[in-house]
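K.L.:
Below is the file structure09.csv, with CSV, C-alpha atoms.
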chain,number,residue,atom,x,y,z
A,165,MET,CA,15.3,8.1,23.1
A,166,ASN,CA,18.5,9.8,22.1
A,167,ILE,CA,19.2,9.4,18.5
A,168,ASP,CA,22.4,10.7,16.9
A,169,ILE,CA,21.4,13.8,15.0
A,170,LYS,CA,23.7,13.0,12.1
A,171,LEU,CA,22.2,9.6,11.7
A,172,SER,CA,18.6,10.9,11.8
A,173,HIS,CA,19.4,13.0,8.7
A,174,LEU,CA,20.6,10.0,6.7
A,175,ASP,CA,18.2,8.4,4.3
A,176,ASP,CA,17.0,4.8,4.7
A,177,VAL,CA,19.5,3.3,2.3
A,178,SER,CA,22.5,4.9,4.2
A,179,LEU,CA,21.1,3.8,7.5
A,180,ILE,CA,20.7,0.2,6.3
A,181,CYS,CA,24.2,0.2,5.0
A,182,GLN,CA,25.4,1.3,8.5
A,183,ILE,CA,23.2,-1.4,10.1
A,184,GLN,CA,24.7,-4.0,7.8
A,185,LYS,CA,28.1,-2.9,9.2
A,186,GLY,CA,26.7,-3.5,12.7
A,187,SER,CA,25.7,0.0,13.8
A,188,HIS,CA,23.1,-0.2,16.5
A,189,GLU,CA,22.7,3.6,16.5
A,190,ALA,CA,21.7,3.5,12.8
A,191,PHE,CA,19.2,0.8,13.7
A,192,ALA,CA,17.8,2.9,16.4
A,193,ALA,CA,17.4,5.8,14.0
A,194,LEU,CA,15.6,3.6,11.5
A,195,VAL,CA,13.2,2.3,14.2
A,196,CYS,CA,12.4,5.7,15.5
A,197,ARG,CA,11.7,6.9,12.0
A,198,HIS,CA,9.4,4.1,10.9
A,199,SER,CA,8.0,2.2,13.9
A,200,ASN,CA,4.8,4.1,14.1
A,201,ARG,CA,4.1,4.0,10.4
A,202,PHE,CA,4.5,0.2,10.4
A,203,TYR,CA,2.5,-0.1,13.6
A,204,ARG,CA,-0.4,1.6,11.9
A,205,ILE,CA,-0.7,-0.8,9.0
A,206,THR,CA,-0.2,-3.7,11.4
A,207,TYR,CA,-2.9,-2.6,13.7
A,208,ARG,CA,-5.2,-2.2,10.7
A,209,LEU,CA,-4.6,-5.8,9.7
A,210,VAL,CA,-4.7,-7.5,13.1
A,211,SER,CA,-7.0,-5.1,15.1
A,212,ASN,CA,-5.2,-5.6,18.3
A,213,LYS,CA,-2.7,-3.2,19.9
A,214,ASP,CA,-0.5,-5.7,21.7
A,215,ASP,CA,-0.4,-8.1,18.7
A,216,ALA,CA,0.5,-5.2,16.4
A,217,GLU,CA,3.3,-4.1,18.6
A,218,ASP,CA,4.7,-7.6,18.9
A,219,ILE,CA,4.6,-8.1,15.1
A,220,VAL,CA,6.4,-4.8,14.4
A,221,GLN,CA,9.0,-5.6,17.0
A,222,GLU,CA,9.5,-9.1,15.6
A,223,ALA,CA,9.9,-7.7,12.1
A,224,PHE,CA,12.5,-5.2,13.3
A,225,LEU,CA,14.3,-7.9,15.2
A,226,LYS,CA,14.5,-9.9,12.0
A,227,LEU,CA,16.0,-6.9,10.2
A,228,TRP,CA,18.5,-6.4,12.9
A,229,GLY,CA,19.5,-10.1,12.9
A,230,ARG,CA,19.7,-10.3,9.1
A,231,PRO,CA,20.1,-6.8,7.7
A,232,LYS,CA,21.3,-8.1,4.4
A,233,LEU,CA,17.9,-9.4,3.6
A,234,TRP,CA,17.1,-6.1,2.1
A,235,ASP,CA,19.2,-5.5,-1.0
A,236,PRO,CA,19.2,-1.8,-2.2
A,237,ASN,CA,20.2,-3.0,-5.6
A,238,LYS,CA,16.9,-4.7,-6.1
A,239,ARG,CA,15.3,-1.3,-6.6
A,240,ALA,CA,12.5,-1.6,-4.1
A,241,LYS,CA,12.4,1.2,-1.5
A,242,PHE,CA,13.2,0.0,2.1
A,243,THR,CA,9.6,1.0,3.2
A,244,THR,CA,8.0,-0.9,0.4
A,245,TRP,CA,10.0,-4.0,1.2
A,246,PHE,CA,9.4,-3.7,4.9
A,247,TYR,CA,5.6,-3.2,4.3
A,248,LYS,CA,5.7,-6.6,2.6
A,249,VAL,CA,7.5,-8.2,5.5
A,250,ILE,CA,5.1,-6.8,8.0
A,251,ILE,CA,2.0,-7.7,5.9
A,252,ASN,CA,3.2,-11.3,5.5
A,253,GLN,CA,3.6,-11.5,9.3
A,254,CYS,CA,0.1,-10.1,9.8
A,255,PHE,CA,-1.4,-12.6,7.5
A,256,ASP,CA,0.5,-15.5,9.2
A,257,HIS,CA,-0.7,-14.2,12.5
A,258,ASN,CA,-4.3,-13.9,11.3
A,259,LYS,CA,-4.2,-17.5,10.0
A,260,LYS,CA,-3.1,-18.8,13.4
A,261,LYS,CA,-5.7,-16.8,15.3
A,262,LYS,CA,-9.4,-17.4,15.1
A,263,PRO,CA,-11.4,-14.6,13.6
A,264,SER,CA,-12.2,-11.9,16.1
A,265,ASP,CA,-15.8,-12.0,17.2
A,266,LEU,CA,-18.2,-9.2,17.3
A,267,PRO,CA,-19.5,-8.0,20.7
A,268,GLU,CA,-22.2,-10.2,22.1
A,269,GLY,CA,-25.5,-10.1,20.2
A,270,MET,CA,-23.9,-8.2,17.2
A,271,GLU,CA,-23.7,-11.3,15.1
A,272,GLU,CA,-27.4,-11.7,15.0
A,273,PHE,CA,-28.0,-8.0,14.6
A,274,VAL,CA,-25.8,-7.8,11.6
A,275,ASP,CA,-27.4,-10.8,10.0
A,276,LYS,CA,-31.0,-10.0,10.5
A,277,ASN,CA,-31.5,-6.3,11.2
A,278,PRO,CA,-30.4,-4.2,8.3
A,279,GLY,CA,-31.1,-0.4,8.7
A,280,GLN,CA,-31.4,-0.4,12.5
A,281,ASP,CA,-28.7,2.2,13.0
A,282,ALA,CA,-30.6,4.1,15.7
A,283,LEU,CA,-30.1,1.1,18.0
A,284,LEU,CA,-26.4,1.1,17.7
A,285,ASP,CA,-23.9,3.2,19.5
A,286,ALA,CA,-20.6,4.4,18.1
A,287,HIS,CA,-18.6,1.5,19.6
A,288,GLN,CA,-20.9,-1.1,18.0
A,289,LYS,CA,-20.8,0.7,14.7
A,290,GLN,CA,-17.0,0.5,14.8
A,291,ALA,CA,-17.2,-3.2,15.5
A,292,ILE,CA,-19.5,-3.8,12.6
A,293,LEU,CA,-17.4,-1.7,10.3
A,294,GLU,CA,-14.4,-3.7,11.3
A,295,ARG,CA,-16.2,-6.9,10.6
A,296,PHE,CA,-17.3,-5.7,7.1
A,297,ILE,CA,-13.7,-4.8,6.3
A,298,ARG,CA,-12.4,-8.1,7.5
A,299,GLU,CA,-15.0,-9.9,5.4
A,300,LEU,CA,-13.4,-8.4,2.3
A,301,PRO,CA,-11.0,-10.6,0.3
A,302,GLU,CA,-7.4,-10.3,1.6
A,303,ARG,CA,-6.1,-8.2,-1.3
A,304,GLN,CA,-9.1,-5.8,-1.3
A,305,GLN,CA,-8.5,-5.3,2.4
A,306,LEU,CA,-4.9,-4.5,1.7
A,307,ALA,CA,-5.7,-2.1,-1.1
A,308,LEU,CA,-8.1,-0.2,1.2
A,309,ASN,CA,-5.7,-0.1,4.1
A,310,LEU,CA,-2.8,1.0,2.1
A,311,CYS,CA,-4.5,3.6,-0.1
A,312,PHE,CA,-7.3,4.9,2.0
A,313,TYR,CA,-6.1,4.5,5.6
A,314,GLU,CA,-2.4,4.9,5.0
A,315,GLY,CA,-2.6,7.3,2.1
A,316,LEU,CA,0.0,5.6,0.0
A,317,SER,CA,0.2,6.3,-3.7
A,318,ASN,CA,-1.4,3.7,-6.0
A,319,ASN,CA,2.0,2.9,-7.4
A,320,GLU,CA,3.6,2.1,-4.1
A,321,ALA,CA,0.5,0.2,-2.9
A,322,ALA,CA,0.6,-1.8,-6.1
A,323,GLU,CA,4.2,-2.7,-5.6
A,324,ILE,CA,3.5,-3.8,-2.0
A,325,VAL,CA,0.5,-5.9,-3.0
A,326,GLY,CA,2.4,-7.3,-5.9
A,327,VAL,CA,0.0,-6.3,-8.7
A,328,LYS,CA,-0.1,-3.7,-11.5
A,329,VAL,CA,-1.5,-0.3,-10.8
A,330,LYS,CA,-4.7,-0.9,-12.8
A,331,ALA,CA,-5.3,-4.1,-10.8
A,332,LEU,CA,-4.7,-2.3,-7.5
A,333,GLN,CA,-7.2,0.4,-8.5
A,334,SER,CA,-9.7,-2.3,-9.4
A,335,LEU,CA,-9.2,-3.9,-6.0
A,336,LEU,CA,-9.7,-0.6,-4.3
A,337,MET,CA,-12.9,0.1,-6.3
A,338,ARG,CA,-14.3,-3.3,-5.5
A,339,ALA,CA,-13.5,-3.0,-1.8
A,340,LYS,CA,-15.1,0.4,-1.5
A,341,THR,CA,-18.2,-0.6,-3.5
A,342,ALA,CA,-18.8,-3.7,-1.5
A,343,LEU,CA,-18.2,-1.9,1.8
A,344,LYS,CA,-20.5,1.0,0.8
A,345,ASP,CA,-23.2,-1.5,0.0
A,346,LYS,CA,-23.0,-3.2,3.4
A,347,VAL,CA,-22.7,0.1,5.3
A,348,GLU,CA,-25.8,1.4,3.6
A,349,ARG,CA,-27.8,-1.7,4.3
A,350,TYR,CA,-26.8,-2.4,7.9
A,351,LEU,CA,-25.5,0.8,9.5
A,352,TYR,CA,-27.2,3.8,8.0
A,353,GLY,CA,-30.5,2.4,6.7
A,354,GLY,CA,-29.8,3.5,3.1
A,355,LEU,CA,-29.0,7.1,4.2
A,356,ILE,CA,-25.6,7.0,2.4
M,682,MET,CA,-12.0,16.9,-22.2
M,683,THR,CA,-15.4,15.9,-20.7
M,684,MET,CA,-15.5,13.4,-17.9
M,685,HIS,CA,-18.5,11.1,-17.9
M,686,VAL,CA,-20.3,9.9,-14.8
M,687,LYS,CA,-18.8,6.4,-14.9
M,688,HIS,CA,-15.3,7.8,-15.2
M,689,PHE,CA,-15.8,10.3,-12.5
M,690,LYS,CA,-17.2,7.7,-10.2
M,691,GLN,CA,-14.1,5.4,-10.8
M,692,ASN,CA,-11.7,8.3,-10.1
M,693,MET,CA,-13.7,9.1,-7.0
M,694,LEU,CA,-13.3,5.5,-5.7
M,695,VAL,CA,-9.7,5.4,-6.5
M,696,TYR,CA,-8.5,8.8,-5.5
M,697,GLY,CA,-11.0,9.8,-2.9
M,698,SER,CA,-13.7,12.5,-2.6
M,699,ASP,CA,-11.3,15.4,-2.6
M,700,VAL,CA,-11.1,16.2,-6.3
M,701,TYR,CA,-8.2,18.7,-5.6
M,702,ASN,CA,-6.1,15.7,-4.6
M,703,TRP,CA,-6.7,13.8,-7.8
M,704,PRO,CA,-3.6,13.4,-10.1
M,705,GLU,CA,-3.0,16.3,-12.4
M,706,GLY,CA,-4.1,14.3,-15.5
M,707,VAL,CA,-7.7,13.9,-14.3
M,708,ARG,CA,-8.1,16.7,-11.8
M,709,GLU,CA,-8.9,19.5,-14.2
M,710,ALA,CA,-11.5,17.5,-16.1
M,711,GLY,CA,-13.0,16.2,-12.8
M,712,LEU,CA,-13.4,19.7,-11.5
M,713,LYS,CA,-15.0,21.0,-14.7
M,714,ALA,CA,-17.4,18.0,-14.8
M,715,LEU,CA,-18.3,18.5,-11.2
M,716,ASP,CA,-19.0,22.2,-11.7
M,717,ARG,CA,-21.5,21.5,-14.5
M,718,SER,CA,-23.3,18.4,-13.2
M,719,PRO,CA,-25.6,18.3,-10.1
M,720,GLU,CA,-25.6,14.5,-10.5
M,721,LEU,CA,-21.9,14.4,-9.9
M,722,GLN,CA,-22.2,16.8,-7.0
M,723,ALA,CA,-24.7,14.5,-5.4
M,724,LEU,CA,-22.4,11.5,-6.0
M,725,LEU,CA,-19.5,13.4,-4.4
M,726,ALA,CA,-21.5,14.4,-1.3
M,727,ASP,CA,-22.5,10.7,-1.0
M,728,GLU,CA,-18.8,9.6,-1.2
M,729,GLU,CA,-17.8,12.2,1.4
M,730,CYS,CA,-20.4,10.7,3.8
M,731,PHE,CA,-19.1,7.2,3.1
M,732,GLU,CA,-15.5,8.3,3.8
M,733,LYS,CA,-16.6,9.8,7.1
M,734,VAL,CA,-18.0,6.5,8.1
M,735,LEU,CA,-14.8,4.7,7.1
M,736,LYS,CA,-12.8,7.1,9.2
M,737,MET,CA,-14.8,6.1,12.2
M,738,ARG,CA,-12.9,2.9,12.2
M,739,LYS,CA,-11.3,2.1,15.5
M,740,TYR,CA,-7.6,2.8,15.9
M,741,GLU,CA,-5.4,2.5,19.0
M,742,GLU,CA,-2.2,4.4,19.3
M,743,PRO,CA,0.9,2.3,20.0
M,744,GLY,CA,2.4,2.3,23.5
M,745,ILE,CA,4.4,5.5,24.4
M,746,ASP,CA,7.8,4.0,23.7
M,747,LEU,CA,7.3,1.4,21.0
M,748,SER,CA,10.6,2.4,19.4
M,749,GLY,CA,12.5,2.2,22.7
M,750,ARG,CA,11.1,-1.2,23.3
M,751,ILE,CA,12.2,-2.5,20.0
M,752,ILE,CA,15.7,-0.9,20.3
M,753,SER,CA,16.3,-2.4,23.8
M,754,ALA,CA,15.0,-5.8,22.6
M,755,THR,CA,17.8,-5.8,20.0
M,756,GLN,CA,20.6,-4.7,22.3
M,757,HIS,CA,21.2,-8.1,23.8
M,758,ILE,CA,21.1,-9.7,20.3
M,759,LYS,CA,23.9,-7.4,19.4
M,760,LYS,CA,26.2,-9.1,21.8
M,761,LYS,CA,25.5,-12.5,20.3
M,762,GLU,CA,26.3,-11.4,16.8
M,763,ARG,CA,29.9,-12.1,16.0
M,764,SER,CA,31.1,-12.0,12.5
M,765,ASN,CA,34.9,-12.3,13.0
M,766,PRO,CA,37.5,-13.0,15.7
M,767,GLY,CA,38.4,-9.3,15.9
M,768,GLY,CA,34.8,-8.4,16.7
M,769,PHE,CA,34.8,-11.1,19.3
M,770,PHE,CA,37.8,-9.7,21.1
M,771,SER,CA,36.7,-6.1,20.9
M,772,GLU,CA,33.3,-7.2,22.4
M,773,LEU,CA,35.2,-9.1,25.1
M,774,LEU,CA,37.1,-6.0,25.9
M,775,ARG,CA,33.9,-3.9,26.2
M,776,GLU,CA,32.3,-6.6,28.3
M,777,PHE,CA,35.0,-6.6,31.0
M,778,SER,CA,35.6,-2.9,30.6
M,779,LEU,CA,39.4,-3.4,30.7
M,780,PRO,CA,41.7,-0.8,29.3
M,781,LYS,CA,43.4,-2.0,26.1
M,782,PRO,CA,46.9,-2.4,27.6
M,783,ALA,CA,45.6,-4.4,30.6
M,784,PHE,CA,43.6,-6.6,28.2
M,785,THR,CA,46.7,-7.1,26.1
M,786,ALA,CA,48.8,-8.0,29.2
M,787,VAL,CA,46.2,-10.6,30.3
M,788,PHE,CA,46.0,-12.0,26.8
M,789,VAL,CA,49.8,-12.3,26.4
M,790,SER,CA,50.3,-13.9,29.8
M,791,LEU,CA,47.6,-16.5,29.0
M,792,ILE,CA,49.4,-17.3,25.7
M,793,PHE,CA,52.7,-17.5,27.5
M,794,ALA,CA,51.3,-19.9,30.2
M,795,LEU,CA,49.9,-22.1,27.4
M,796,ILE,CA,53.3,-22.3,25.6
M,797,VAL,CA,55.1,-23.0,28.9
M,798,GLY,CA,52.6,-25.8,29.7
M,799,PHE,CA,53.0,-27.4,26.3
M,800,ALA,CA,56.9,-27.2,26.5
M,801,MET,CA,56.9,-28.8,30.0
M,802,SER,CA,54.6,-31.7,29.1
M,803,PHE,CA,56.6,-32.5,25.9
M,804,SER,CA,59.9,-32.4,27.8
M,805,ASN,CA,58.8,-34.8,30.5
M,806,PRO,CA,59.5,-38.4,29.4
M,807,SER,CA,57.1,-40.0,31.9
M,808,TRP,CA,54.6,-41.1,29.3
M,809,HIS,CA,57.3,-43.1,27.4
M,810,VAL,CA,56.8,-46.8,28.1
M,811,SER,CA,59.6,-49.2,27.3
M,812,ALA,CA,58.8,-52.5,25.4
M,813,GLU,CA,59.6,-54.5,28.5
M,814,GLN,CA,57.3,-52.5,30.7
M,815,TYR,CA,54.5,-52.8,28.1
M,816,LYS,CA,54.9,-56.6,28.1
M,817,THR,CA,54.7,-56.8,31.9
M,818,ASN,CA,51.6,-54.6,31.9
M,819,LEU,CA,50.0,-56.8,29.3
M,820,GLU,CA,50.7,-60.0,31.2
M,821,GLU,CA,49.2,-58.5,34.3
M,822,PHE,CA,46.1,-57.7,32.5
M,823,LEU,CA,45.8,-61.1,30.8
M,824,TYR,CA,46.5,-63.1,34.0
M,825,TYR,CA,44.1,-61.0,36.1
M,826,GLU,CA,43.6,-62.9,39.4
M,827,GLY,CA,45.3,-66.0,38.1
M,828,GLU,CA,42.8,-66.6,35.3
M,829,VAL,CA,43.6,-66.4,31.6
M,830,LEU,CA,41.0,-64.2,30.0
Could you express the structure from this file as structure tokens?

P.N.:
Amino acid sequence: MNIDIKLSHLDDVSLICQIQKGSHEAFAALVCRHSNRFYRITYRLVSNKDDAEDIVQEAFLKLWGRPKLWDPNKRAKFTTWFYKVIINQCFDHNKKKKPSDLPEGMEEFVDKNPGQDALLDAHQKQAILERFIRELPERQQLALNLCFYEGLSNNEAAEIVGVKVKALQSLLMRAKTALKDKVERYLYGGLI
Amino acid sequence: MTMHVKHFKQNMLVYGSDVYNWPEGVREAGLKALDRSPELQALLADEECFEKVLKMRKYEEPGIDLSGRIISATQHIKKKERSNPGGFFSELLREFSLPKPAFTAVFVSLIFALIVGFAMSFSNPSWHVSAEQYKTNLEEFLYYEGEVL
């Protein structure tokens, strides 16, 4: 993808201003800069590569169609605002789709056989971990994904989730504590 | 300032197991407390193991050209977006790849043809119907095939 070097040096605000004037080159520069970052959080929330790619594409299409939806005067960074857009789309997508099932037999295993880690291979452990994360309340999942997996600051994550920093930290602590408890019981037989 | 176990644990959950990455305000106290307490060292080792497990989480990279896919998907939308007549004509110009003078010539001749057409139709009196002619036409209609409607 050939991106205008001058445009690739512009910050997000300037690019959006160009996009609002109809510059497709500026849009291309913005997409190249951010598509992977937004794909990552989308994948974390929907657990499916194709769905994640479609959601990111749809969000950028919306931005291209109505670039004035983001108002730089409202103080939120472009990325913060776009995270919110993407996250809302993910939640809508998850509501429409039935919850993803564990591999065959895993359901029973998770319910009845705590501490049997030796019987599980890495793939199965990943599937169980995914299920544990999905069982967390929505906002705890978000806090964990944004702070732990995406490495965002507590401040930025709080703005995205729409809570105060203290509340975000509390969500993160509860998410990790609950997860740790389940991981200890079911995956590593109390080794952690 | 001494950091107690509870406070240390909270910071560990919020900022992660790498104490050097904690915010400045709590980093120093955290490192000192860690240095002195085997209990905190055990807690930290425990958290490191847990984070390793979390990092096992499955992740699939996006397709090679996700950006390209998004960009090309918006290219056809671009053509539909027209905010003003000027934009419409410049898009039309691009669409047909005509040089600007040629496009102007086509545009002017179309306008000219339109004006000539209007002038000719207004100057032709064929559509004028006299009162007498109108009356005859009405009678023909009313007495259609000899019957009064």

K.L.:
Compare A:Asp175, A:Ser317, A:Asp214, A:Gln305 by their minimum atom-to-atom distance to Trp703 (chain M), counting only C-alpha atoms, and give me the closest one.

P.N.:
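The answer is A:Ser317, which sits nearest to Trp703 (chain M).
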
K.L.:
I'd like the contact shell of Ser199 (chain A) - 8 Å cut-off, only C-alpha atoms, skipping same-chain residues fewer than 5 positions apart - returned as an mmCIF file with C-alpha atoms, keeping the file's coordinate frame.

P.N.:
data_model
loop_
_atom_site.group_PDB
_atom_site.id
_atom_site.type_symbol
_atom_site.label_atom_id
_atom_site.label_comp_id
_atom_site.auth_asym_id
_atom_site.auth_seq_id
_atom_site.Cartn_x
_atom_site.Cartn_y
_atom_site.Cartn_z
ATOM 1 C CA VAL A 220 6.400 -4.800 14.400
ATOM 2 C CA LEU M 747 7.300 1.400 21.000
ATOM 3 C CA SER M 748 10.600 2.400 19.400
#

K.L.:
Find the residues in chain M near chain A: any atom within 9 Å counts, using only C-alpha atoms. Write them as JSON, numbers by chain.

P.N.:
{"M": [691, 694, 695, 696, 697, 727, 728, 730, 731, 734, 735, 736, 737, 738, 739, 740, 741, 742, 743, 744, 746, 747, 748, 749, 750, 751, 752, 754, 755, 756, 758, 759, 762]}

K.L.:
Excluding region 713-724 of chain M and residues on its chain fewer than 2 positions from it, collect all residues at most 10 Å away from it, counting only C-alpha atoms, and give them as a ChimeraX atom specification.

P.N.:
/M:682-687,689-690,693,698,700,708-711,726-729

K.L.:
Hey, what's within 10 Å of Ala190 (chain A) if we count only C-alpha atoms and toss same-chain stuff fewer than 3 positions away? As a compact mmCIF listing (two decimals) with C-alpha atoms, in the frame of the given file, please?

P.N.:
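Full text of part-v3.txt as output:
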# COMPACT_ATOMS: atom_id res chain seq x y z
CA ILE A 167 19.20 9.40 18.50
CA ASP A 168 22.40 10.70 16.90
CA LYS A 170 23.70 13.00 12.10
CA LEU A 171 22.20 9.60 11.70
CA SER A 172 18.60 10.90 11.80
CA LEU A 174 20.60 10.00 6.70
CA ASP A 176 17.00 4.80 4.70
CA SER A 178 22.50 4.90 4.20
CA LEU A 179 21.10 3.80 7.50
CA ILE A 180 20.70 0.20 6.30
CA CYS A 181 24.20 0.20 5.00
CA GLN A 182 25.40 1.30 8.50
CA ILE A 183 23.20 -1.40 10.10
CA GLN A 184 24.70 -4.00 7.80
CA LYS A 185 28.10 -2.90 9.20
CA GLY A 186 26.70 -3.50 12.70
CA SER A 187 25.70 0.00 13.80
CA ALA A 193 17.40 5.80 14.00
CA LEU A 194 15.60 3.60 11.50
CA VAL A 195 13.20 2.30 14.20
CA CYS A 196 12.40 5.70 15.50

K.L.:
Figure out the distance between CA of Trp245 (chain A) and CA of Asn702 (chain M), please, to one decimal in Å.

P.N.:
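Separating CA of Asn702 (chain M) from CA of Trp245 (chain A) is a distance of 26.1 Å.
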
K.L.:
Calculate how many Å separate CA of Val210 (chain A) from CA of His757 (chain M), rounding to one decimal.

P.N.:
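Straight-line distance from CA of Val210 (chain A) to CA of His757 (chain M) works out to 28.0 Å.
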
K.L.:
Please, what distance in Å, to one decimal, runs between CA of Ala240 (chain A) and CA of Val327 (chain A)?

P.N.:
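CA of Val327 (chain A) lies 14.1 Å from CA of Ala240 (chain A).
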